[in-house]
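**Q** I am sharing data24.csv, which consists of CSV, C-alpha atoms and all ligand atoms:
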chain,number,residue,atom,x,y,z
A,1199,MET,CA,0.0,0.0,0.0
A,1200,ALA,CA,1.3,3.5,-0.9
A,1201,THR,CA,2.5,5.5,2.1
A,1202,LEU,CA,1.2,9.0,2.7
A,1203,ALA,CA,4.5,10.4,1.5
A,1204,ASP,CA,4.1,8.4,-1.8
A,1205,THR,CA,0.6,9.7,-2.1
A,1206,LEU,CA,1.7,13.3,-1.6
A,1207,ASN,CA,4.7,13.0,-3.8
A,1208,ALA,CA,2.4,12.1,-6.7
A,1209,ARG,CA,0.5,15.4,-6.1
A,1210,THR,CA,3.2,17.9,-6.9
A,1211,VAL,CA,4.3,20.3,-9.6
A,1212,GLU,CA,7.6,22.0,-10.1
A,1213,ALA,CA,8.2,25.0,-7.8
A,1214,ALA,CA,7.8,28.6,-9.0
A,1215,PRO,CA,11.2,29.7,-10.3
A,1216,GLU,CA,11.0,32.7,-7.9
A,1217,LEU,CA,11.1,30.3,-4.9
A,1218,VAL,CA,14.2,28.3,-6.0
A,1219,GLU,CA,17.9,29.2,-5.9
A,1220,PRO,CA,20.2,26.8,-7.8
A,1221,LEU,CA,23.3,25.6,-5.9
A,1222,THR,CA,26.2,23.6,-7.1
A,1223,GLY,CA,25.6,20.2,-8.6
A,1224,ASN,CA,22.0,19.2,-8.4
A,1225,ARG,CA,21.5,20.9,-5.1
A,1226,LEU,CA,19.1,23.8,-4.7
A,1227,ARG,CA,17.8,26.1,-2.0
A,1228,CYS,CA,14.1,26.5,-1.4
A,1229,LEU,CA,13.0,30.0,-0.6
A,1230,ALA,CA,9.4,29.3,0.4
A,1231,CYS,CA,10.0,29.7,4.1
A,1232,GLY,CA,12.5,31.1,6.5
A,1233,HIS,CA,14.4,27.8,6.8
A,1234,ALA,CA,15.7,28.4,3.3
A,1235,CYS,CA,16.7,24.7,3.2
A,1236,PRO,CA,19.6,23.7,1.0
A,1237,ILE,CA,18.3,20.4,-0.5
A,1238,PRO,CA,20.5,17.8,-2.1
A,1239,ASP,CA,19.1,15.7,-5.0
A,1240,GLY,CA,16.8,13.0,-3.6
A,1241,ALA,CA,16.2,14.8,-0.3
A,1242,VAL,CA,13.2,16.6,1.3
A,1243,GLY,CA,13.2,20.0,3.1
A,1244,VAL,CA,12.4,20.4,6.8
A,1245,CYS,CA,8.7,20.6,5.9
A,1246,LYS,CA,8.9,17.1,4.3
A,1247,VAL,CA,6.5,18.2,1.5
A,1248,ARG,CA,9.0,20.0,-0.9
A,1249,PHE,CA,11.7,17.8,-2.4
A,1250,ASN,CA,14.5,17.8,-4.9
A,1251,ARG,CA,14.3,15.2,-7.6
A,1252,GLY,CA,17.0,15.4,-10.3
A,1253,GLY,CA,17.8,19.0,-9.4
A,1254,ARG,CA,14.2,20.2,-9.7
A,1255,LEU,CA,12.1,21.3,-6.7
A,1256,HIS,CA,8.8,19.5,-6.5
A,1257,VAL,CA,6.0,21.2,-4.4
A,1258,PRO,CA,2.5,20.2,-3.3
A,1259,PHE,CA,-0.3,20.9,-5.7
A,1260,GLY,CA,-3.9,19.8,-6.6
A,1261,TYR,CA,-5.3,18.5,-3.4
A,1262,VAL,CA,-6.8,19.6,-0.1
A,1263,ALA,CA,-6.8,17.8,3.3
A,1264,GLY,CA,-9.6,19.9,4.7
A,1265,VAL,CA,-12.1,22.6,3.9
A,1266,GLN,CA,-14.6,24.5,5.9
A,1267,CYS,CA,-16.7,27.7,5.7
A,1268,ASP,CA,-16.7,29.9,8.9
A,1269,PRO,CA,-17.1,33.5,9.9
A,1270,ILE,CA,-14.0,35.5,9.0
A,1271,GLU,CA,-13.8,36.4,12.7
A,1272,LYS,CA,-12.7,32.8,13.3
A,1273,LYS,CA,-9.4,33.2,11.3
A,1274,PRO,CA,-9.3,35.8,13.1
A,1275,PHE,CA,-9.7,38.9,11.0
A,1276,PHE,CA,-11.5,41.6,12.8
A,1277,HIS,CA,-10.7,44.5,10.4
A,1278,ALA,CA,-11.9,42.9,7.2
A,1279,ALA,CA,-15.5,42.5,6.1
A,1280,PRO,CA,-17.1,41.9,9.5
A,1281,GLY,CA,-19.5,38.9,9.5
A,1282,ALA,CA,-18.4,37.7,6.1
A,1283,ARG,CA,-18.1,34.0,5.4
A,1284,ALA,CA,-14.6,32.7,4.7
A,1285,PHE,CA,-13.9,29.5,2.9
A,1286,SER,CA,-10.8,27.8,4.3
A,1287,PHE,CA,-8.7,25.1,2.7
A,1288,GLY,CA,-5.6,23.4,3.8
A,1289,MET,CA,-3.0,20.9,2.6
A,1290,LEU,CA,-0.6,18.8,4.7
A,1291,GLY,CA,2.7,19.6,6.5
A,1292,CYS,CA,4.4,22.4,8.3
A,1293,ASP,CA,7.8,23.9,8.7
A,1294,LEU,CA,7.4,24.1,12.5
A,1295,HIS,CA,6.4,21.4,15.0
A,1296,CYS,CA,4.6,23.2,17.9
A,1297,SER,CA,3.7,20.8,20.6
A,1298,TYR,CA,0.4,22.6,21.2
A,1299,CYS,CA,-0.7,22.8,17.5
A,1300,GLN,CA,-4.5,22.9,17.2
A,1301,ASN,CA,-4.3,21.7,13.6
A,1302,TRP,CA,-1.7,19.0,14.3
A,1303,VAL,CA,-3.7,16.3,12.4
A,1304,THR,CA,-2.9,18.2,9.1
A,1305,SER,CA,0.2,20.1,10.0
A,1306,GLN,CA,2.1,17.1,11.5
A,1307,ALA,CA,0.8,14.5,9.0
A,1308,LEU,CA,4.3,13.5,7.8
A,1309,ARG,CA,5.9,13.5,11.2
A,1310,ASP,CA,3.4,12.0,13.5
A,1311,PRO,CA,1.9,8.5,12.7
A,1312,LEU,CA,-1.2,9.4,14.7
A,1313,ALA,CA,-2.0,12.2,12.3
A,1314,VAL,CA,-3.9,10.3,9.6
A,1315,VAL,CA,-5.6,12.5,7.0
A,1316,ARG,CA,-5.7,11.6,3.3
A,1317,PRO,CA,-5.7,14.2,0.5
A,1318,THR,CA,-8.6,14.8,-1.8
A,1319,ASP,CA,-7.9,15.8,-5.3
A,1320,VAL,CA,-9.4,19.1,-6.4
A,1321,SER,CA,-8.9,22.0,-8.8
A,1322,PRO,CA,-8.7,25.7,-7.9
A,1323,ALA,CA,-11.9,26.3,-9.9
A,1324,ALA,CA,-13.7,23.6,-7.8
A,1325,ILE,CA,-12.6,25.3,-4.6
A,1326,VAL,CA,-13.9,28.6,-5.7
A,1327,ASP,CA,-17.1,27.1,-6.9
A,1328,GLN,CA,-17.6,25.6,-3.5
A,1329,ALA,CA,-16.7,28.9,-1.8
A,1330,LEU,CA,-19.2,30.8,-3.9
A,1331,ALA,CA,-21.9,28.2,-3.4
A,1332,LEU,CA,-21.6,28.8,0.4
A,1333,HIS,CA,-21.7,32.6,-0.1
A,1334,ALA,CA,-18.1,33.1,1.1
A,1335,ARG,CA,-16.5,36.4,0.4
A,1336,ALA,CA,-13.0,35.2,1.0
A,1337,VAL,CA,-10.9,32.1,0.5
A,1338,VAL,CA,-8.3,31.3,3.1
A,1339,SER,CA,-5.2,29.1,3.0
A,1340,THR,CA,-4.9,27.7,6.5
A,1341,TYR,CA,-4.8,24.5,8.6
A,1342,ASN,CA,-1.3,23.6,7.5
A,1343,GLU,CA,1.4,26.3,7.0
A,1344,PRO,CA,0.5,28.0,3.7
A,1345,LEU,CA,3.9,29.3,3.0
A,1346,ILE,CA,5.2,25.8,2.2
A,1347,THR,CA,2.4,25.3,-0.3
A,1348,ALA,CA,2.6,28.8,-1.7
A,1349,GLU,CA,2.3,27.8,-5.4
A,1350,TRP,CA,-1.0,26.1,-4.7
A,1351,GLY,CA,-2.2,29.1,-2.7
A,1352,VAL,CA,-1.5,31.4,-5.6
A,1353,ALA,CA,-3.2,29.1,-8.1
A,1354,VAL,CA,-6.4,29.1,-5.9
A,1355,PHE,CA,-6.1,32.9,-5.3
A,1356,ARG,CA,-5.8,33.7,-9.0
A,1357,GLU,CA,-9.1,31.9,-9.6
A,1358,ALA,CA,-10.7,33.5,-6.5
A,1359,ARG,CA,-9.7,37.0,-7.4
A,1360,ALA,CA,-11.0,36.6,-10.9
A,1361,ARG,CA,-14.3,35.7,-9.5
A,1362,GLY,CA,-14.5,38.6,-7.0
A,1363,LEU,CA,-13.3,37.0,-3.7
A,1364,MET,CA,-10.8,38.2,-1.2
A,1365,THR,CA,-7.8,36.0,-0.4
A,1366,ALA,CA,-6.0,35.3,2.8
A,1367,PHE,CA,-3.2,33.4,4.5
A,1368,VAL,CA,-3.3,32.2,8.1
A,1369,SER,CA,0.4,31.6,8.7
A,1370,ASN,CA,3.2,31.3,11.2
A,1371,GLY,CA,4.9,34.1,9.4
A,1372,ASN,CA,8.2,32.3,8.8
A,1373,GLY,CA,8.6,33.9,5.4
A,1374,THR,CA,11.4,35.1,3.1
A,1375,PRO,CA,11.5,38.3,1.0
A,1376,ALA,CA,11.2,36.0,-2.1
A,1377,VAL,CA,8.0,34.3,-1.0
A,1378,LEU,CA,6.4,37.5,0.1
A,1379,ARG,CA,7.2,39.2,-3.3
A,1380,TYR,CA,5.7,36.1,-5.0
A,1381,LEU,CA,2.5,36.2,-2.9
A,1382,ALA,CA,2.0,40.0,-2.7
A,1383,PRO,CA,0.0,40.4,-6.0
A,1384,TRP,CA,-2.5,37.7,-5.0
A,1385,ILE,CA,-3.1,38.2,-1.3
A,1386,ASP,CA,-5.4,40.6,0.5
A,1387,LEU,CA,-5.2,39.6,4.1
A,1388,TYR,CA,-2.5,38.0,6.2
A,1389,LYS,CA,-2.6,36.7,9.7
A,1390,VAL,CA,0.7,36.0,11.4
A,1391,ASP,CA,0.8,33.8,14.5
A,1392,LEU,CA,3.5,35.5,16.6
A,1393,LYS,CA,4.1,32.8,19.1
A,1394,SER,CA,6.7,34.3,21.3
A,1395,PHE,CA,9.2,37.1,21.5
A,1396,ASP,CA,12.0,34.9,22.6
A,1397,ASP,CA,14.3,33.2,20.1
A,1398,ARG,CA,14.8,30.2,22.5
A,1399,HIS,CA,11.1,29.6,22.5
A,1400,TYR,CA,11.0,29.7,18.8
A,1401,ARG,CA,13.8,27.2,18.6
A,1402,GLN,CA,11.8,24.8,20.7
A,1403,LEU,CA,9.1,25.0,18.1
A,1404,GLY,CA,11.5,24.4,15.2
A,1405,GLY,CA,12.0,28.0,14.0
A,1406,ARG,CA,13.7,31.3,14.7
A,1407,LEU,CA,12.3,34.6,15.8
A,1408,ALA,CA,14.1,36.8,13.3
A,1409,PRO,CA,12.4,35.7,10.1
A,1410,ILE,CA,9.0,36.1,11.7
A,1411,LEU,CA,9.7,39.7,12.7
A,1412,GLU,CA,11.1,40.4,9.3
A,1413,THR,CA,8.0,39.0,7.7
A,1414,ILE,CA,5.7,41.2,9.8
A,1415,GLN,CA,7.6,44.3,8.8
A,1416,ALA,CA,7.7,43.3,5.2
A,1417,LEU,CA,3.9,42.5,5.0
A,1418,HIS,CA,3.2,45.9,6.5
A,1419,ASP,CA,5.6,47.6,4.0
A,1420,LEU,CA,3.9,45.7,1.1
A,1421,GLY,CA,0.5,47.1,2.1
A,1422,ILE,CA,-1.0,43.7,2.8
A,1423,TRP,CA,-3.7,43.9,5.5
A,1424,LEU,CA,-2.1,42.3,8.5
A,1425,GLU,CA,-3.4,41.0,11.9
A,1426,ILE,CA,-1.3,39.3,14.5
A,1427,VAL,CA,-2.3,36.6,16.9
A,1428,THR,CA,-0.5,35.5,20.1
A,1429,LEU,CA,-1.7,32.4,21.8
A,1430,LEU,CA,-1.0,33.2,25.5
A,1431,ILE,CA,0.4,30.0,27.1
A,1432,PRO,CA,1.0,30.2,30.9
A,1433,GLY,CA,4.6,29.6,31.7
A,1434,PHE,CA,5.7,29.7,28.0
A,1435,ASN,CA,5.3,33.1,26.6
A,1436,ASP,CA,3.2,35.1,29.1
A,1437,SER,CA,5.9,36.8,31.2
A,1438,PRO,CA,5.2,40.6,31.4
A,1439,GLY,CA,8.6,41.3,30.0
A,1440,GLU,CA,8.0,39.1,26.9
A,1441,ILE,CA,4.5,40.5,26.2
A,1442,ASP,CA,6.0,44.0,26.7
A,1443,ARG,CA,8.7,43.4,24.1
A,1444,LEU,CA,6.4,41.7,21.7
A,1445,THR,CA,3.8,44.5,21.7
A,1446,SER,CA,6.4,47.2,21.7
A,1447,PHE,CA,7.7,45.7,18.5
A,1448,LEU,CA,4.3,45.5,16.9
A,1449,ALA,CA,3.5,49.1,17.8
A,1450,GLY,CA,6.8,50.1,16.3
A,1451,VAL,CA,5.8,48.6,13.0
A,1452,SER,CA,2.4,50.3,13.2
A,1453,PRO,CA,0.1,51.0,16.1
A,1454,SER,CA,-2.8,50.2,13.8
A,1455,ILE,CA,-2.0,46.5,13.5
A,1456,PRO,CA,-4.7,44.6,15.3
A,1457,TRP,CA,-3.3,42.3,17.9
A,1458,HIS,CA,-5.3,39.3,19.1
A,1459,VAL,CA,-4.2,37.7,22.4
A,1460,THR,CA,-6.0,34.4,22.7
A,1461,ALA,CA,-6.5,31.7,25.3
A,1462,PHE,CA,-4.6,28.5,25.3
A,1463,HIS,CA,-6.3,25.2,26.0
A,1464,LYS,CA,-4.5,21.9,26.4
A,1465,ASP,CA,-3.9,20.4,23.0
A,1466,TYR,CA,-1.8,17.8,21.2
A,1467,ARG,CA,1.4,17.2,23.2
A,1468,MET,CA,1.4,20.3,25.4
A,1469,THR,CA,-0.8,19.4,28.3
A,1470,ASP,CA,1.3,20.7,31.3
A,1471,PRO,CA,0.4,24.5,31.3
A,1472,ALA,CA,-2.8,25.6,32.9
A,1473,ASN,CA,-5.5,26.9,30.5
A,1474,THR,CA,-5.3,30.7,30.0
A,1475,THR,CA,-7.8,32.6,32.2
A,1476,PRO,CA,-9.8,35.7,31.2
A,1477,ALA,CA,-7.7,37.8,33.7
A,1478,MET,CA,-4.5,36.7,32.0
A,1479,LEU,CA,-5.8,37.9,28.6
A,1480,VAL,CA,-7.0,41.2,30.1
A,1481,GLU,CA,-3.6,41.8,31.7
A,1482,ALA,CA,-1.7,41.0,28.5
A,1483,ALA,CA,-4.1,43.2,26.5
A,1484,ALA,CA,-3.5,46.1,28.9
A,1485,VAL,CA,0.3,45.8,28.2
A,1486,GLY,CA,-0.4,46.0,24.5
A,1487,ARG,CA,-2.6,49.0,24.9
A,1488,GLY,CA,0.0,50.6,27.2
A,1489,ASN,CA,2.6,50.2,24.4
A,1490,GLY,CA,0.4,52.1,22.0
A,1491,LEU,CA,-1.4,49.4,20.1
A,1492,ARG,CA,-4.8,50.8,19.1
A,1493,TYR,CA,-6.7,47.6,18.4
A,1494,VAL,CA,-6.2,44.9,20.9
A,1495,TYR,CA,-8.6,41.9,21.1
A,1496,ALA,CA,-8.9,39.0,23.5
A,1497,GLY,CA,-10.0,35.7,21.9
A,1498,ASN,CA,-11.1,32.1,22.6
A,1499,LEU,CA,-13.1,33.1,25.7
A,1500,PRO,CA,-16.3,34.7,24.3
A,1501,GLY,CA,-18.3,36.8,26.7
A,1502,ARG,CA,-15.6,36.6,29.4
A,1503,VAL,CA,-13.2,39.4,28.4
A,1504,GLY,CA,-15.4,42.5,28.7
A,1505,ASP,CA,-15.0,44.9,25.9
A,1506,LEU,CA,-12.0,43.2,24.4
A,1507,GLU,CA,-14.1,41.5,21.6
A,1508,ASN,CA,-15.3,44.8,20.2
A,1509,THR,CA,-13.8,47.4,17.9
A,1510,ARG,CA,-13.8,50.9,19.2
A,1511,CYS,CA,-12.6,54.1,17.5
A,1512,HIS,CA,-9.0,54.8,18.5
A,1513,ALA,CA,-9.8,58.5,18.6
A,1514,CYS,CA,-13.1,58.9,20.4
A,1515,GLU,CA,-13.7,55.4,21.8
A,1516,ALA,CA,-17.1,55.1,20.0
A,1517,LEU,CA,-18.3,51.5,19.7
A,1518,LEU,CA,-18.0,50.5,16.0
A,1519,VAL,CA,-18.2,46.7,15.8
A,1520,GLU,CA,-19.7,44.7,18.6
A,1521,ARG,CA,-18.9,40.9,18.8
A,1522,HIS,CA,-19.7,37.9,20.9
A,1523,GLY,CA,-17.2,35.3,19.9
A,1524,TYR,CA,-17.5,35.0,16.1
A,1525,LEU,CA,-20.9,36.6,16.0
A,1526,VAL,CA,-21.1,40.2,14.9
A,1527,GLN,CA,-23.9,42.0,16.7
A,1528,LEU,CA,-23.3,45.6,15.5
A,1529,ASP,CA,-21.3,46.7,12.5
A,1530,ARG,CA,-20.9,50.5,11.8
A,1531,LEU,CA,-17.7,50.1,9.6
A,1532,SER,CA,-18.6,47.9,6.6
A,1533,GLY,CA,-18.7,50.0,3.4
A,1534,VAL,CA,-17.6,53.1,5.3
A,1535,GLY,CA,-14.3,52.5,7.1
A,1536,ARG,CA,-14.7,55.6,9.2
A,1537,CYS,CA,-15.9,56.2,12.8
A,1538,ALA,CA,-19.6,57.0,12.7
A,1539,GLU,CA,-19.1,59.5,15.6
A,1540,CYS,CA,-15.9,61.5,14.9
A,1541,GLY,CA,-15.2,60.5,11.2
A,1542,VAL,CA,-11.6,59.3,11.8
A,1543,GLU,CA,-10.4,56.6,9.4
A,1544,VAL,CA,-10.3,53.1,10.9
A,1545,PRO,CA,-7.6,51.0,9.2
A,1546,GLY,CA,-8.8,47.7,7.6
A,1547,ARG,CA,-10.6,46.3,4.5
A,1548,TRP,CA,-14.1,47.6,5.0
A,1549,LYS,CA,-15.2,48.1,1.4
A,1550,ALA,CA,-16.4,45.4,-0.9
B,1601,LIG,S1,9.2,25.3,2.6
B,1601,LIG,FE1,10.7,25.8,4.2
B,1601,LIG,S2,11.0,23.9,5.2
B,1601,LIG,FE2,10.1,23.4,3.3
B,1601,LIG,S3,11.8,23.0,1.9
B,1601,LIG,FE3,11.2,25.1,1.6
B,1601,LIG,S4,12.6,26.2,3.0
B,1601,LIG,FE4,12.6,24.0,3.6
Would it be possible to restate this file's structure as structure tokens?
Ligand code: SF4
**A**
Amino acid sequence: MATLADTLNARTVEAAPELVEPLTGNRLRCLACGHACPIPDGAVGVCKVRFNRGGRLHVPFGYVAGVQCDPIEKKPFFHAAPGARAFSFGMLGCDLHCSYCQNWVTSQALRDPLAVVRPTDVSPAAIVDQALALHARAVVSTYNEPLITAEWGVAVFREARARGLMTAFVSNGNGTPAVLRYLAPWIDLYKVDLKSFDDRHYRQLGGRLAPILETIQALHDLGIWLEIVTLLIPGFNDSPGEIDRLTSFLAGVSPSIPWHVTAFHKDYRMTDPANTTPAMLVEAAAVGRGNGLRYVYAGNLPGRVGDLENTRCHACEALLVERHGYLVQLDRLSGVGRCAECGVEVPGRWKA
């Protein structure tokens, strides 16, 4: 019987030329994520889904391992089309190996024998057909790390854009200048999961902090709408000093970047830390606000974090979008993008 790796290897195309750097012999360097793996002929990259065969880089294409239609708030995007439906699709594999991953069944499919998901063959047009049939306004590459399947993401996004949909990545942000240049013409919204502000913590997860910070700055400079999420894990990334440095960095890129601080619950292999409490989220949010971030949200504990699910005008504090979890109860920004009370512009993607 074919292994999962065999099955996936048969569902590949050659990498976009922009994402490959030839090295000596038949070796090449992949530029799709911050690992920038040098890959000898016959070997795979760290993500295990991009591989060198005969001096050519083969990359995943033509399948999904999961699809779902949800409110865009679940991604979470709070400053883009409030209440819109977002059609999510994902492939398999990841360039990190976070022990608390909530999507480990897809992200760790080639590392963990317990993660058993099979691919379903599909075309970009069929994905967009399905999204439109479900009245989605955006398609989102998520569930696994979309940077490592960037060519497939762009193929779907080309089709989606042509048919009037927004496009989005939900990503760990471990990018490179090359992959961001490749994606920029096709992507409207980008969520980066900023997991920590300590390089030692990132190395535990299989990455480094520097490429993630560079990606955040580059996405902002490219004008792609950017929101940041930090899953607050007690004892891992929640020290006041770390949250202070993290939010200072974000405010330095732009005080208008929405920052979502969300509650951890025990998942996958990380079962030691206690679950995050509402008070912990409120405290971290106060640090972010204190550092100048204008839009700070607390997530995963609906109805338990006071006003931290809502969008208020940064100038006059007027209530502009009221939420309970993923449910939008009041929306005064769609189609307008300005405060209904004082008229100040509120950053985001509010117009169709
Ligand atoms: S996507 Fe990242 S991990 Fe995978 S081969 Fe390319 S550089 Fe390596």
**Q** Got a sec: who's within 12 Å of Val1526 (chain A), counting all atoms listed in the file, leaving out chain neighbours fewer than 5 positions off, as a PyMOL selection string?
**A** chain A and resi 1269-1272+1276+1279-1283+1500+1507-1509+1518-1521+1531-1532
**Q** Write the residues of the selection above to a file with C-alpha atoms, as a CSV table (one decimal), in the coordinates of the input.
**A**
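Written out: out-v1.csv:
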chain,number,residue,atom,x,y,z
A,1269,PRO,CA,-17.1,33.5,9.9
A,1270,ILE,CA,-14.0,35.5,9.0
A,1271,GLU,CA,-13.8,36.4,12.7
A,1272,LYS,CA,-12.7,32.8,13.3
A,1276,PHE,CA,-11.5,41.6,12.8
A,1279,ALA,CA,-15.5,42.5,6.1
A,1280,PRO,CA,-17.1,41.9,9.5
A,1281,GLY,CA,-19.5,38.9,9.5
A,1282,ALA,CA,-18.4,37.7,6.1
A,1283,ARG,CA,-18.1,34.0,5.4
A,1500,PRO,CA,-16.3,34.7,24.3
A,1507,GLU,CA,-14.1,41.5,21.6
A,1508,ASN,CA,-15.3,44.8,20.2
A,1509,THR,CA,-13.8,47.4,17.9
A,1518,LEU,CA,-18.0,50.5,16.0
A,1519,VAL,CA,-18.2,46.7,15.8
A,1520,GLU,CA,-19.7,44.7,18.6
A,1521,ARG,CA,-18.9,40.9,18.8
A,1531,LEU,CA,-17.7,50.1,9.6
A,1532,SER,CA,-18.6,47.9,6.6
**Q** Between A:Thr1474, A:Thr1374, A:Thr1428, A:Ser1452, which residue has the minimum interatomic distance to ligand LIG 1601 (chain B), considering all atoms listed in the file?
**A**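 Among the listed residues, the smallest separation from ligand LIG 1601 (chain B) belongs to A:Thr1374.
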**Q** Please give me, as a PyMOL selection string, the residues lying within 6 Å of ligand LIG 1601 (chain B) when counting only C-alpha atoms and all ligand atoms.
**A** chain A and resi 1228-1231+1233-1235+1243-1245+1248+1293+1346
**Q** Box along x, y and z, 6 Å on every side, all listed atoms of region 1238-1248 of chain A inside: centre and edge lengths in Å to one decimal, as AutoDock Vina command-line options.
**A**
--center_x 13.5 --center_y 16.8 --center_z 0.9 --size_x 26.0 --size_y 19.6 --size_z 23.8
**Q** Skipping near chain neighbours, those fewer than 2 positions away, what residues fall within 9 Å of region 1443-1451 of chain A using all atoms listed in the file, listed as a VMD selection string?
**A** chain A and resid 1392 1394 to 1396 1411 1414 to 1415 1418 1426 1438 to 1441 1453 to 1455 1457 1485 to 1487 1489 to 1492
**Q** Filtering to C-alpha atoms, could you give me those residues as an mmCIF file, in the coordinates of the input?
**A**
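Just written: part-v4.cif:
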data_model
loop_
_atom_site.group_PDB
_atom_site.id
_atom_site.type_symbol
_atom_site.label_atom_id
_atom_site.label_comp_id
_atom_site.auth_asym_id
_atom_site.auth_seq_id
_atom_site.Cartn_x
_atom_site.Cartn_y
_atom_site.Cartn_z
ATOM 1 C CA LEU A 1392 3.500 35.500 16.600
ATOM 2 C CA SER A 1394 6.700 34.300 21.300
ATOM 3 C CA PHE A 1395 9.200 37.100 21.500
ATOM 4 C CA ASP A 1396 12.000 34.900 22.600
ATOM 5 C CA LEU A 1411 9.700 39.700 12.700
ATOM 6 C CA ILE A 1414 5.700 41.200 9.800
ATOM 7 C CA GLN A 1415 7.600 44.300 8.800
ATOM 8 C CA HIS A 1418 3.200 45.900 6.500
ATOM 9 C CA ILE A 1426 -1.300 39.300 14.500
ATOM 10 C CA PRO A 1438 5.200 40.600 31.400
ATOM 11 C CA GLY A 1439 8.600 41.300 30.000
ATOM 12 C CA GLU A 1440 8.000 39.100 26.900
ATOM 13 C CA ILE A 1441 4.500 40.500 26.200
ATOM 14 C CA PRO A 1453 0.100 51.000 16.100
ATOM 15 C CA SER A 1454 -2.800 50.200 13.800
ATOM 16 C CA ILE A 1455 -2.000 46.500 13.500
ATOM 17 C CA TRP A 1457 -3.300 42.300 17.900
ATOM 18 C CA VAL A 1485 0.300 45.800 28.200
ATOM 19 C CA GLY A 1486 -0.400 46.000 24.500
ATOM 20 C CA ARG A 1487 -2.600 49.000 24.900
ATOM 21 C CA ASN A 1489 2.600 50.200 24.400
ATOM 22 C CA GLY A 1490 0.400 52.100 22.000
ATOM 23 C CA LEU A 1491 -1.400 49.400 20.100
ATOM 24 C CA ARG A 1492 -4.800 50.800 19.100
#
**Q** List as a count of residues only the protein and nucleic acid residues near region 1295-1309 of chain A, meaning an atom at most 9 Å away when only C-alpha atoms are counted, but skip any in the same chain fewer than 3 places from it.
**A** 31
**Q** Record the distance separating CA of Phe1249 (chain A) and CA of Leu1294 (chain A), expressed in Å with one decimal.
**A**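 Computed distance, CA of Phe1249 (chain A) to CA of Leu1294 (chain A), equals 16.7 Å.
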**Q** Can you work out which one of A:Ala1348, A:Phe1259, A:Gly1232, A:Ala1284 has the shortest atom-to-atom distance to Gly1371 (chain A), counting only C-alpha atoms?
**A**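 Of the candidates, the smallest distance to Gly1371 (chain A) is held by A:Gly1232.
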**Q** Can you work out the spacing between CA of Lys1393 (chain A) and CA of Leu1506 (chain A) in Å, to one decimal?
**A**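 Value for the CA of Lys1393 (chain A)-CA of Leu1506 (chain A) distance: 19.9 Å.
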**Q** When distances are computed from all atoms listed in the file, which of A:Asp1442, A:Asp1529, A:Glu1515, A:Glu1425 shows the smallest separation from Pro1545 (chain A)?
**A**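 Checking each candidate against Pro1545 (chain A), we get A:Glu1425 as the closest.
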**Q** Quick one: residues within 7 Å of Ile1237 (chain A), all atoms listed in the file counted, chain neighbours fewer than 2 positions away excluded, as a PyMOL selection string?
**A** chain A and resi 1225-1227+1235+1239+1241-1243+1250
**Q** Pick out the residues sitting within 12 Å of Ile1385 (chain A), and hand them over as a PDB file with C-alpha atoms, in the frame of the given file; count all atoms listed in the file, and ignore anything fewer than 2 positions along from it in its own chain.
**A**
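Output contents, as saved in around-v7.pdb:
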ATOM      1  CA  ALA A1336     -13.000  35.200   1.000  1.00  0.00           C
ATOM      2  CA  VAL A1337     -10.900  32.100   0.500  1.00  0.00           C
ATOM      3  CA  VAL A1338      -8.300  31.300   3.100  1.00  0.00           C
ATOM      4  CA  SER A1339      -5.200  29.100   3.000  1.00  0.00           C
ATOM      5  CA  PRO A1344       0.500  28.000   3.700  1.00  0.00           C
ATOM      6  CA  ALA A1348       2.600  28.800  -1.700  1.00  0.00           C
ATOM      7  CA  GLY A1351      -2.200  29.100  -2.700  1.00  0.00           C
ATOM      8  CA  VAL A1352      -1.500  31.400  -5.600  1.00  0.00           C
ATOM      9  CA  ALA A1353      -3.200  29.100  -8.100  1.00  0.00           C
ATOM     10  CA  VAL A1354      -6.400  29.100  -5.900  1.00  0.00           C
ATOM     11  CA  PHE A1355      -6.100  32.900  -5.300  1.00  0.00           C
ATOM     12  CA  ARG A1356      -5.800  33.700  -9.000  1.00  0.00           C
ATOM     13  CA  ALA A1358     -10.700  33.500  -6.500  1.00  0.00           C
ATOM     14  CA  ARG A1359      -9.700  37.000  -7.400  1.00  0.00           C
ATOM     15  CA  LEU A1363     -13.300  37.000  -3.700  1.00  0.00           C
ATOM     16  CA  MET A1364     -10.800  38.200  -1.200  1.00  0.00           C
ATOM     17  CA  THR A1365      -7.800  36.000  -0.400  1.00  0.00           C
ATOM     18  CA  ALA A1366      -6.000  35.300   2.800  1.00  0.00           C
ATOM     19  CA  PHE A1367      -3.200  33.400   4.500  1.00  0.00           C
ATOM     20  CA  VAL A1368      -3.300  32.200   8.100  1.00  0.00           C
ATOM     21  CA  VAL A1377       8.000  34.300  -1.000  1.00  0.00           C
ATOM     22  CA  LEU A1378       6.400  37.500   0.100  1.00  0.00           C
ATOM     23  CA  ARG A1379       7.200  39.200  -3.300  1.00  0.00           C
ATOM     24  CA  TYR A1380       5.700  36.100  -5.000  1.00  0.00           C
ATOM     25  CA  LEU A1381       2.500  36.200  -2.900  1.00  0.00           C
ATOM     26  CA  ALA A1382       2.000  40.000  -2.700  1.00  0.00           C
ATOM     27  CA  PRO A1383       0.000  40.400  -6.000  1.00  0.00           C
ATOM     28  CA  LEU A1387      -5.200  39.600   4.100  1.00  0.00           C
ATOM     29  CA  TYR A1388      -2.500  38.000   6.200  1.00  0.00           C
ATOM     30  CA  LYS A1389      -2.600  36.700   9.700  1.00  0.00           C
ATOM     31  CA  LEU A1417       3.900  42.500   5.000  1.00  0.00           C
ATOM     32  CA  LEU A1420       3.900  45.700   1.100  1.00  0.00           C
ATOM     33  CA  GLY A1421       0.500  47.100   2.100  1.00  0.00           C
ATOM     34  CA  ILE A1422      -1.000  43.700   2.800  1.00  0.00           C
ATOM     35  CA  TRP A1423      -3.700  43.900   5.500  1.00  0.00           C
ATOM     36  CA  LEU A1424      -2.100  42.300   8.500  1.00  0.00           C
TER      37      LEU A1424
END
